[in-house]
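Novice: My structure is stored as target_10.pdb, with PDB, C-alpha atoms.
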ATOM      1  CA  MET O   1       5.721  17.389  -3.777
ATOM      2  CA  SER O   2       8.380  18.348  -6.277
ATOM      3  CA  GLU O   3       8.474  17.398  -9.944
ATOM      4  CA  GLU O   4      10.711  14.509  -8.943
ATOM      5  CA  THR O   5       9.218  11.125  -9.886
ATOM      6  CA  LEU O   6       8.363   8.569  -7.231
ATOM      7  CA  GLY O   7      11.258   6.413  -8.401
ATOM      8  CA  GLN O   8      13.684   9.309  -8.065
ATOM      9  CA  ARG O   9      12.449  10.007  -4.530
ATOM     10  CA  LEU O  10      12.827   6.338  -3.618
ATOM     11  CA  ARG O  11      16.425   6.293  -4.876
ATOM     12  CA  ARG O  12      17.297   9.619  -3.219
ATOM     13  CA  TYR O  13      15.982   8.538   0.201
ATOM     14  CA  ARG O  14      17.568   5.095  -0.092
ATOM     15  CA  ARG O  15      20.948   6.622  -0.850
ATOM     16  CA  ALA O  16      20.536   9.189   1.940
ATOM     17  CA  SER O  17      19.887   6.309   4.349
ATOM     18  CA  GLY O  18      23.246   4.791   3.380
ATOM     19  CA  LYS O  19      21.595   1.491   2.484
ATOM     20  CA  THR O  20      22.038  -0.604  -0.619
ATOM     21  CA  LEU O  21      19.210  -1.600  -2.912
ATOM     22  CA  VAL O  22      19.443  -5.165  -1.579
ATOM     23  CA  GLN O  23      19.254  -4.006   2.059
ATOM     24  CA  VAL O  24      16.177  -1.842   1.502
ATOM     25  CA  ALA O  25      14.469  -4.517  -0.599
ATOM     26  CA  ARG O  26      15.048  -7.132   2.104
ATOM     27  CA  GLU O  27      13.762  -4.835   4.860
ATOM     28  CA  ALA O  28      10.741  -3.862   2.741
ATOM     29  CA  GLY O  29       9.834  -7.475   1.942
ATOM     30  CA  LEU O  30      10.454  -6.975  -1.777
ATOM     31  CA  SER O  31      12.884  -8.359  -4.328
ATOM     32  CA  ALA O  32      15.895  -6.227  -5.243
ATOM     33  CA  GLY O  33      14.924  -6.497  -8.914
ATOM     34  CA  PHE O  34      11.455  -5.141  -8.197
ATOM     35  CA  LEU O  35      12.813  -2.250  -6.116
ATOM     36  CA  SER O  36      15.318  -1.445  -8.853
ATOM     37  CA  GLN O  37      12.472  -1.262 -11.389
ATOM     38  CA  ALA O  38      10.454   0.959  -9.034
ATOM     39  CA  GLU O  39      13.421   3.316  -8.615
ATOM     40  CA  ARG O  40      13.655   3.563 -12.409
ATOM     41  CA  ASP O  41       9.880   4.149 -12.714
ATOM     42  CA  ILE O  42       9.501   0.969 -14.762
ATOM     43  CA  THR O  43       6.989  -0.558 -12.369
ATOM     44  CA  GLY O  44       4.646   0.871  -9.790
ATOM     45  CA  LEU O  45       4.074   0.133  -6.141
ATOM     46  CA  SER O  46       1.177  -0.694  -3.911
ATOM     47  CA  LEU O  47       0.500   1.459  -0.878
ATOM     48  CA  SER O  48       1.796  -1.266   1.448
ATOM     49  CA  SER O  49       5.084  -1.593  -0.465
ATOM     50  CA  LEU O  50       5.511   2.162  -0.354
ATOM     51  CA  ALA O  51       4.965   2.136   3.432
ATOM     52  CA  ASN O  52       7.515  -0.685   3.804
ATOM     53  CA  ILE O  53      10.121   1.219   1.785
ATOM     54  CA  ALA O  54       9.525   4.405   3.775
ATOM     55  CA  HIS O  55      10.078   2.473   7.012
ATOM     56  CA  ALA O  56      13.224   0.810   5.620
ATOM     57  CA  VAL O  57      14.821   4.141   4.675
ATOM     58  CA  GLY O  58      13.645   5.917   7.830
ATOM     59  CA  VAL O  59      11.262   8.500   6.369
ATOM     60  CA  ALA O  60       7.571   9.194   6.718
ATOM     61  CA  VAL O  61       5.348   7.764   3.986
ATOM     62  CA  SER O  62       4.295  11.332   3.207
ATOM     63  CA  GLU O  63       7.900  12.101   2.150
ATOM     64  CA  LEU O  64       7.483   9.623  -0.697
ATOM     65  CA  PHE O  65       3.835  10.085  -1.538
ATOM     66  CA  GLU O  66       0.994  12.411  -0.570
ATOM     67  CA  SER O  67      -2.325  10.758   0.136
ATOM     68  CA  PRO O  68      -5.547  12.539   1.017
ATOM     69  CA  ARG O  69      -6.055  13.221   4.707
ATOM     70  CA  GLN O  70      -8.999  11.836   6.647
ATOM     71  CA  ASP O  71      -9.279  14.182   9.595
ATOM     72  CA  ALA O  72     -12.795  13.307  10.734
ATOM     73  CA  PRO O  73     -13.568  10.013  12.453
ATOM     74  CA  ASP O  74     -16.494   9.440  10.050
ATOM     75  CA  SER O  75     -16.143   8.795   6.331
ATOM     76  CA  HIS O  76     -19.031   8.970   3.837
ATOM     77  CA  ALA O  77     -19.559   7.365   0.432
ATOM     78  CA  GLY O  78     -19.284   9.846  -2.396
ATOM     79  CA  GLN O  79     -17.315  12.316  -0.255
ATOM     80  CA  ARG O  80     -13.952  10.528  -0.102
ATOM     81  CA  GLN O  81     -11.194  11.423  -2.528
ATOM     82  CA  SER O  82     -10.086   8.526  -4.723
ATOM     83  CA  TYR O  83      -6.349   8.405  -5.459
ATOM     84  CA  THR O  84      -3.588   6.319  -6.998
ATOM     85  CA  VAL O  85       0.086   5.809  -6.217
ATOM     86  CA  ALA O  86       2.115   7.274  -9.101
ATOM     87  CA  ASN O  87      -0.673   6.639 -11.624
ATOM     88  CA  MET O  88      -0.874   2.902 -10.971
ATOM     89  CA  PRO O  89      -4.128   1.266 -12.130
ATOM     90  CA  GLN O  90      -5.430   0.395  -8.646
ATOM     91  CA  ARG O  91      -7.374   3.128  -6.878
ATOM     92  CA  TYR O  92      -7.634   3.777  -3.158
ATOM     93  CA  GLU O  93     -10.092   5.549  -0.888
ATOM     94  CA  ARG O  94      -8.923   6.222   2.621
ATOM     95  CA  LEU O  95     -11.466   5.086   5.221
ATOM     96  CA  THR O  96      -9.716   5.786   8.534
ATOM     97  CA  THR O  97      -8.264   8.735  10.327
ATOM     98  CA  THR O  98      -5.014   8.800  12.286
ATOM     99  CA  TYR O  99      -4.742   9.821  15.921
ATOM    100  CA  SER O 100      -2.219   9.277  18.660
ATOM    101  CA  GLY O 101      -2.279   5.599  19.546
ATOM    102  CA  SER O 102      -4.299   4.433  16.547
ATOM    103  CA  VAL O 103      -3.089   1.230  14.920
ATOM    104  CA  LEU O 104      -5.706   0.408  12.275
ATOM    105  CA  ASN O 105      -5.598   1.676   8.721
ATOM    106  CA  ALA O 106      -8.374   0.933   6.255
ATOM    107  CA  VAL O 107      -8.664   1.594   2.556
ATOM    108  CA  LYS O 108     -11.121   0.705  -0.143
ATOM    109  CA  LEU O 109      -9.261  -0.676  -3.148
ATOM    110  CA  THR O 110     -10.620  -0.747  -6.673
ATOM    111  CA  LEU O 111      -8.670  -3.273  -8.722
ATOM    112  CA  PRO O 112      -9.113  -3.145 -12.505
ATOM    113  CA  PRO O 113      -9.429  -6.295 -14.641
ATOM    114  CA  GLY O 114      -6.060  -7.991 -15.096
ATOM    115  CA  TYR O 115      -4.447  -6.297 -12.089
ATOM    116  CA  HIS O 116      -1.535  -8.176 -10.508
ATOM    117  CA  SER O 117       0.284  -6.691  -7.523
ATOM    118  CA  GLU O 118       3.876  -7.205  -6.566
ATOM    119  CA  VAL O 119       4.716  -9.870  -3.996
ATOM    120  CA  VAL O 120       5.168  -8.209  -0.603
ATOM    121  CA  ALA O 121       5.496  -9.055   3.069
ATOM    122  CA  HIS O 122       5.197  -6.729   6.052
ATOM    123  CA  SER O 123       4.612  -6.694   9.777
ATOM    124  CA  GLY O 124       1.263  -6.426  11.457
ATOM    125  CA  ASP O 125      -2.134  -7.905  10.801
ATOM    126  CA  GLU O 126      -4.343  -7.775   7.700
ATOM    127  CA  PHE O 127      -8.016  -8.409   6.943
ATOM    128  CA  VAL O 128      -9.757  -8.015   3.579
ATOM    129  CA  TYR O 129     -13.429  -8.084   2.611
ATOM    130  CA  VAL O 130     -14.645  -8.210  -1.017
ATOM    131  CA  LEU O 131     -17.384  -5.659  -1.657
ATOM    132  CA  SER O 132     -17.896  -6.555  -5.324
ATOM    133  CA  GLY O 133     -16.305  -8.729  -7.967
ATOM    134  CA  SER O 134     -13.750 -11.431  -7.360
ATOM    135  CA  VAL O 135     -10.071 -11.478  -6.492
ATOM    136  CA  THR O 136      -7.347 -13.975  -5.711
ATOM    137  CA  TYR O 137      -5.082 -13.415  -2.731
ATOM    138  CA  GLN O 138      -1.948 -15.505  -2.873
ATOM    139  CA  VAL O 139      -0.531 -15.950   0.636
ATOM    140  CA  ASN O 140       2.603 -17.993   1.221
ATOM    141  CA  GLY O 141       2.104 -19.817  -2.084
ATOM    142  CA  ARG O 142      -1.558 -20.678  -1.490
ATOM    143  CA  ASP O 143      -4.373 -19.145  -3.558
ATOM    144  CA  TYR O 144      -7.513 -17.861  -1.848
ATOM    145  CA  VAL O 145     -10.201 -17.088  -4.425
ATOM    146  CA  LEU O 146     -12.644 -14.594  -2.946
ATOM    147  CA  ALA O 147     -15.958 -13.351  -4.349
ATOM    148  CA  THR O 148     -18.435 -10.702  -3.206
ATOM    149  CA  GLY O 149     -19.043 -11.048   0.532
ATOM    150  CA  ASP O 150     -15.962 -13.227   1.144
ATOM    151  CA  SER O 151     -13.155 -12.267   3.525
ATOM    152  CA  LEU O 152      -9.621 -13.265   4.412
ATOM    153  CA  HIS O 153      -7.651 -12.625   7.603
ATOM    154  CA  PHE O 154      -3.978 -13.502   7.251
ATOM    155  CA  ASP O 155      -0.468 -12.958   8.553
ATOM    156  CA  PRO O 156       1.035 -10.347   6.199
ATOM    157  CA  GLN O 157       4.555 -11.346   7.267
ATOM    158  CA  GLN O 158       4.045 -14.170   4.778
ATOM    159  CA  LYS O 159       4.660 -13.216   1.156
ATOM    160  CA  HIS O 160       1.410 -12.218  -0.480
ATOM    161  CA  ALA O 161       0.011 -10.724  -3.675
ATOM    162  CA  ILE O 162      -3.373  -9.757  -5.130
ATOM    163  CA  HIS O 163      -4.710 -10.700  -8.561
ATOM    164  CA  ASN O 164      -7.894  -9.624 -10.309
ATOM    165  CA  ASP O 165      -8.217 -12.114 -13.153
ATOM    166  CA  SER O 166     -11.876 -11.245 -13.785
ATOM    167  CA  ASP O 167     -13.310  -9.090 -16.576
ATOM    168  CA  SER O 168     -14.552  -6.353 -14.244
ATOM    169  CA  ASN O 169     -13.405  -4.086 -11.445
ATOM    170  CA  THR O 170     -13.171  -5.612  -7.994
ATOM    171  CA  GLU O 171     -13.725  -3.561  -4.842
ATOM    172  CA  VAL O 172     -12.058  -4.672  -1.610
ATOM    173  CA  ILE O 173     -11.912  -3.232   1.890
ATOM    174  CA  SER O 174      -8.460  -3.782   3.375
ATOM    175  CA  VAL O 175      -7.878  -3.230   7.092
ATOM    176  CA  GLY O 176      -4.464  -3.650   8.632
ATOM    177  CA  THR O 177      -1.971  -2.450  11.169
ATOM    178  CA  LEU O 178       0.797  -1.500   8.724
ATOM    179  CA  GLN O 179       1.252   2.266   9.108
ATOM    180  CA  LEU O 180       0.044   3.635   5.765
ATOM    181  CA  PHE O 181      -0.608   7.200   6.882
ATOM    182  CA  ASP O 182       1.461   9.514   9.038
ATOM    183  CA  ASP O 183      -0.535  12.697   9.180
ATOM    184  CA  ASP O 184      -1.204  12.963  12.895
ATOM    185  CA  ASP O 185       0.676  15.264  15.260
ATOM    186  CA  LYS O 186       3.117  12.608  16.472
ATOM    187  CA  HIS O 187       4.765  12.602  13.054
ATOM    188  CA  ARG O 188       5.078  16.357  12.582
ATOM    189  CA  ASP O 189       8.194  18.311  13.408
TER
END
Starting from the file, lay out its structure as structure tokens.
Specialist:
Amino acid sequence: MSEETLGQRLRRYRRASGKTLVQVAREAGLSAGFLSQAERDITGLSLSSLANIAHAVGVAVSELFESPRQDAPDSHAGQRQSYTVANMPQRYERLTTTYSGSVLNAVKLTLPPGYHSEVVAHSGDEFVYVLSGSVTYQVNGRDYVLATGDSLHFDPQQKHAIHNDSDSNTEVISVGTLQLFDDDDKHRD
């Protein structure tokens, strides 16, 4: 990736798509104000918002952000690379590989105390399981307070956000069908 910031890449690809900020925000399930702040590097993005924006402007997620590959079908604790999106406080570990026909994507999220995500909506299906700590998922205006061992399966087309209002890190496994990774052969030119 170039020295261009994530916000600059977002703006460049949005303009290249010929779409307005409002159009891309609507298609990505975000507010125009939030997208404007992201393009100016004032606020960060979650992985799902980044995937939504990439889809809205017609580019691969990897054009906006490079995430570690997971080539093998097995993934082992202590061997996965932890990463962030543009130095945001939440950390990800990729748990799934990508192959032709695959639809599931799984990540382990580590959410620091006080973390509040943006409100987002996207297509597909989503399931979360809390490994440690506690977290609140707000889905369509309703709060679901989850602690270690709790899970939530919801329709991500409804507006949703994540909050860690605890005093410690929370670890969550998130499994969904939103295309977060595009590193298999069907996406290469």
Novice: Step by step, work through what the PyMOL selection byres ((chain O and resi 64-68) around 10) selects in the shown file, and finish by giving those residues as JSON, numbers by chain.
Specialist: {"O": [1, 5, 6, 7, 8, 9, 10, 13, 47, 50, 51, 53, 54, 59, 60, 61, 62, 63, 69, 70, 71, 80, 81, 82, 83, 84, 85, 86, 92, 93, 94, 180, 181, 182, 183]}
Novice: Mind telling me what the PyMOL selection byres ((chain O and resi 14) around 12) catches here, as a ChimeraX atom specification?
Specialist: /O:7-13,15-25,27-28,35-36,39,53-59,64
Novice: Include C-alpha atoms and write out the residues we just selected as a PDB file, keeping the file's coordinate frame.
Specialist:
ATOM      1  CA  GLY O   7      11.258   6.413  -8.401  1.00  0.00           C
ATOM      2  CA  GLN O   8      13.684   9.309  -8.065  1.00  0.00           C
ATOM      3  CA  ARG O   9      12.449  10.007  -4.530  1.00  0.00           C
ATOM      4  CA  LEU O  10      12.827   6.338  -3.618  1.00  0.00           C
ATOM      5  CA  ARG O  11      16.425   6.293  -4.876  1.00  0.00           C
ATOM      6  CA  ARG O  12      17.297   9.619  -3.219  1.00  0.00           C
ATOM      7  CA  TYR O  13      15.982   8.538   0.201  1.00  0.00           C
ATOM      8  CA  ARG O  15      20.948   6.622  -0.850  1.00  0.00           C
ATOM      9  CA  ALA O  16      20.536   9.189   1.940  1.00  0.00           C
ATOM     10  CA  SER O  17      19.887   6.309   4.349  1.00  0.00           C
ATOM     11  CA  GLY O  18      23.246   4.791   3.380  1.00  0.00           C
ATOM     12  CA  LYS O  19      21.595   1.491   2.484  1.00  0.00           C
ATOM     13  CA  THR O  20      22.038  -0.604  -0.619  1.00  0.00           C
ATOM     14  CA  LEU O  21      19.210  -1.600  -2.912  1.00  0.00           C
ATOM     15  CA  VAL O  22      19.443  -5.165  -1.579  1.00  0.00           C
ATOM     16  CA  GLN O  23      19.254  -4.006   2.059  1.00  0.00           C
ATOM     17  CA  VAL O  24      16.177  -1.842   1.502  1.00  0.00           C
ATOM     18  CA  ALA O  25      14.469  -4.517  -0.599  1.00  0.00           C
ATOM     19  CA  GLU O  27      13.762  -4.835   4.860  1.00  0.00           C
ATOM     20  CA  ALA O  28      10.741  -3.862   2.741  1.00  0.00           C
ATOM     21  CA  LEU O  35      12.813  -2.250  -6.116  1.00  0.00           C
ATOM     22  CA  SER O  36      15.318  -1.445  -8.853  1.00  0.00           C
ATOM     23  CA  GLU O  39      13.421   3.316  -8.615  1.00  0.00           C
ATOM     24  CA  ILE O  53      10.121   1.219   1.785  1.00  0.00           C
ATOM     25  CA  ALA O  54       9.525   4.405   3.775  1.00  0.00           C
ATOM     26  CA  HIS O  55      10.078   2.473   7.012  1.00  0.00           C
ATOM     27  CA  ALA O  56      13.224   0.810   5.620  1.00  0.00           C
ATOM     28  CA  VAL O  57      14.821   4.141   4.675  1.00  0.00           C
ATOM     29  CA  GLY O  58      13.645   5.917   7.830  1.00  0.00           C
ATOM     30  CA  VAL O  59      11.262   8.500   6.369  1.00  0.00           C
ATOM     31  CA  LEU O  64       7.483   9.623  -0.697  1.00  0.00           C
TER      32      LEU O  64
END
Novice: Point out the residue among O:Ser132, O:Asn52, O:Ser100, O:Asn87 with the least atom-to-atom distance to Glu171 of chain O, counting all atoms listed in the file.
Specialist: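 Distance minimum relative to Glu171 of chain O lands on O:Ser132.
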Novice: If you measure from atom CA of Gly141 of chain O to atom CA of Arg26 of chain O, what distance in Å do you get, rounded to one decimal?
Specialist: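 So the two atoms, atom CA of Gly141 of chain O and atom CA of Arg26 of chain O, lie 18.6 Å apart.
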Novice: Give me the residues of segment 11-109 of chain O that have any atom at most 12 Å from an atom of segment 162-170 of chain O; for each, the nearest atom pair and the distance in Å, rounded to one decimal. Use only C-alpha atoms, sort by chain and number, and format it as a tab-separated table.
Specialist:
residue	atom	partner	partner_atom	distance
O:Ser46	CA	O:Ile162	CA	10.2
O:Ser48	CA	O:Ile162	CA	11.9
O:Pro89	CA	O:Asn169	CA	10.7
O:Gln90	CA	O:Asn169	CA	9.6
O:Arg91	CA	O:Asn169	CA	10.5
O:Tyr92	CA	O:Thr170	CA	11.9
O:Lys108	CA	O:Thr170	CA	10.3
O:Leu109	CA	O:Thr170	CA	7.9
Novice: Please write as an MDAnalysis selection string the full residue list that the PyMOL selection byres ((chain O and resi 121-124) around 6) yields on this file.
Specialist: chainID O and resid 29 120 125 156:159 177:178
Novice: Of the candidates O:Thr148, O:Leu131, O:Val172, O:Gln138, which one gets nearest to Thr110 of chain O if we count only C-alpha atoms?
Specialist: O:Val172
